[in-house]
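Reading through the structure tokens given below for one structure.
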Amino acid sequence: MPELPEVETVRRSLEPHIVGKKVSGVVVRERRLRKRIVEDFEDRLYGRTFKRLGRRGKYLMFHLDDGQTVLSHLGMSGAFYLRPRLTPLAKHDHVSIEIATSDVLVLNDPRRFGTMRIGHGEDFEELNNVGPDPMSTRRTADQWRTIVRSKKTPIKTLLMDQRLIAGIGNIYANEMLFLAGIRPRRRASGLTKRELGALEDAMHAVLHRAVELGGSSISDFRDVSGKPGYFQIHHAVYDRAGAPCPRCSSAIRRLVVTGRSTFYCPSCQN
Ligand SMILES: [Zn+2]
């Protein structure tokens, strides 16, 4: 499933190819995504020019020259591809947007949990519950203290709360806590200011590193064979139960926190 760094990689890869380009054709083959694609999607998008490609958490926001936005979430299995025009369709190519060069922007999504909506900012009620983006926001340790003061939930569960911070999933939450030296099951309210500061730093370090690694796969992005431009970060703890900690060689442990597989080093994390 694409997490925030994958979505940011998609954004960075796509942006130079579409910004300033006019939409010269729109074809929707399958409207039944997680939210049905509206019947006038094609008419509203046709002839518009892409002004900017933004992102909030895992939502991509294609800003158009008339003030509308195409909001897209990749769900479980969605991917965008740029393909040369006249490339044969692939299975699960649900939406094709011709841009006035030679390329076609394609949304491919086998499981159809993704979304593709068009509207103005206030039309997107799903964004009301999406917190600030961790790549473009920095919180001080004091701000974190205020947030966690009354929170008895495990810190790992809190990190994955989209209302608080957008886009952090299970893999990255595990890695961030390892880097910060904090055990996943610790009560959020019990963390010190120093620990909260370390966690904020770890969030940025893990996300930026993942995006940097994703950047190396940009050449795949225009591949018509349909390889997604994703990447695997080198996990320190995630899915490594029993394997040696990269820092101290202790065996990584697994437990379940709020129903999710959780991994930590018993020596490096307190
Ligand atoms: Zn360790």
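Going by the structure tokens order, chains are called A, B, ..., each with residues numbered from 1, while ligands are numbered from 1 in the order shown.
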
**OP:** Enumerate residues in contact with ligand 1: an atom-to-atom distance of at most 9 Å, counting only C-alpha atoms and all ligand atoms. Format the result as a list in words.
**Re:** Phe178, Gly181, Pro244, Cys245, Pro246, Arg247, Cys248, Ser249, Ser250, Ala251, Ile252, Tyr264, Cys265, Pro266, Ser267, Cys268 and Gln269 of chain A

Dump of C-alpha atoms for the selected residues, as a PDB file, in the first residue's frame:
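What landed in again07.pdb:
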```
ATOM      1  CA  PHE A 178      13.181   2.860  16.537  1.00  0.00           C
ATOM      2  CA  GLY A 181      14.600   5.140  20.830  1.00  0.00           C
ATOM      3  CA  PRO A 244      19.618  -8.581  14.715  1.00  0.00           C
ATOM      4  CA  CYS A 245      19.103  -4.891  15.458  1.00  0.00           C
ATOM      5  CA  PRO A 246      21.260  -2.908  13.002  1.00  0.00           C
ATOM      6  CA  ARG A 247      22.571  -0.796  15.874  1.00  0.00           C
ATOM      7  CA  CYS A 248      23.211  -3.250  18.735  1.00  0.00           C
ATOM      8  CA  SER A 249      22.588  -6.742  17.306  1.00  0.00           C
ATOM      9  CA  SER A 250      19.915  -7.649  19.894  1.00  0.00           C
ATOM     10  CA  ALA A 251      17.081  -9.707  18.438  1.00  0.00           C
ATOM     11  CA  ILE A 252      14.184  -7.549  17.192  1.00  0.00           C
ATOM     12  CA  TYR A 264      11.157  -2.912  18.256  1.00  0.00           C
ATOM     13  CA  CYS A 265      14.636  -3.427  19.673  1.00  0.00           C
ATOM     14  CA  PRO A 266      14.516  -4.245  23.405  1.00  0.00           C
ATOM     15  CA  SER A 267      17.922  -2.633  23.973  1.00  0.00           C
ATOM     16  CA  CYS A 268      17.761   0.517  21.822  1.00  0.00           C
ATOM     17  CA  GLN A 269      14.175   1.482  22.652  1.00  0.00           C
TER      18      GLN A 269
END
```

**OP:** Find the spatial neighbours of Arg85 (chain A), counting only C-alpha atoms, within a cut-off of 12 Å - ignore same-chain residues fewer than 3 positions away - and output them as number ranges by chain.
**Re:** A: 24-25, 81-82, 88-89, 96-106, 222, 224

Closest contacts (region 6-57 of chain A/region 135-159 of chain A, max 10 Å, only C-alpha atoms) as CSV:
```
residue,atom,partner,partner_atom,distance
A:Glu8,CA,A:Met135,CA,9.5
A:Arg56,CA,A:Ser136,CA,9.3
A:Gly57,CA,A:Met135,CA,8.7
```

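Closest to Gly119 (chain A) among A:Leu33, A:Val237, A:Leu45, A:Ala79 is A:Leu45, based on only C-alpha atoms.
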
**OP:** Select from region 12-208 of chain A everything DSSP, run on the backbone, classes as alpha helix (DSSP H), then give the selection as a PyMOL selection string.
**Re:** chain A and resi 12-18+41-45+141-148+155-159+170-180+193-208

**OP:** Could you pull out the residues in region 43-117 of chain A that DSSP calls strand (DSSP E or B) from the backbone, as a count of residues only?
**Re:** 41

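With CA of Arg260 (chain A) on one side and CA of Val211 (chain A) on the other, the separation reads 23.9 Å.
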
Subject >> Å distance separating CA of Glu15 (chain A) from CA of Arg52 (chain A), one decimal place >> reply: 7.3 Å

**OP:** Tell me which of A:His94, A:Arg253, A:Arg240, A:Lys58 sits closest to Ile165 (chain A), counting only C-alpha atoms.
**Re:** A:Lys58

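Reported to one decimal place, the separation of CA of Val206 (chain A) from CA of Gly75 (chain A) is 21.7 Å.
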
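Using only C-alpha atoms for every distance, the candidate list A:Gly78, A:Leu164, A:Pro134, A:Asp43 yields A:Pro134 as the residue closest to Ala202 (chain A).
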
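Using only C-alpha atoms, the contacts of Arg36 (chain A) at a cut-off of 10 Å, with sequence neighbours closer than 5 positions omitted, comprise Glu30, Arg31, Thr115, Met116 and Arg117 of chain A.
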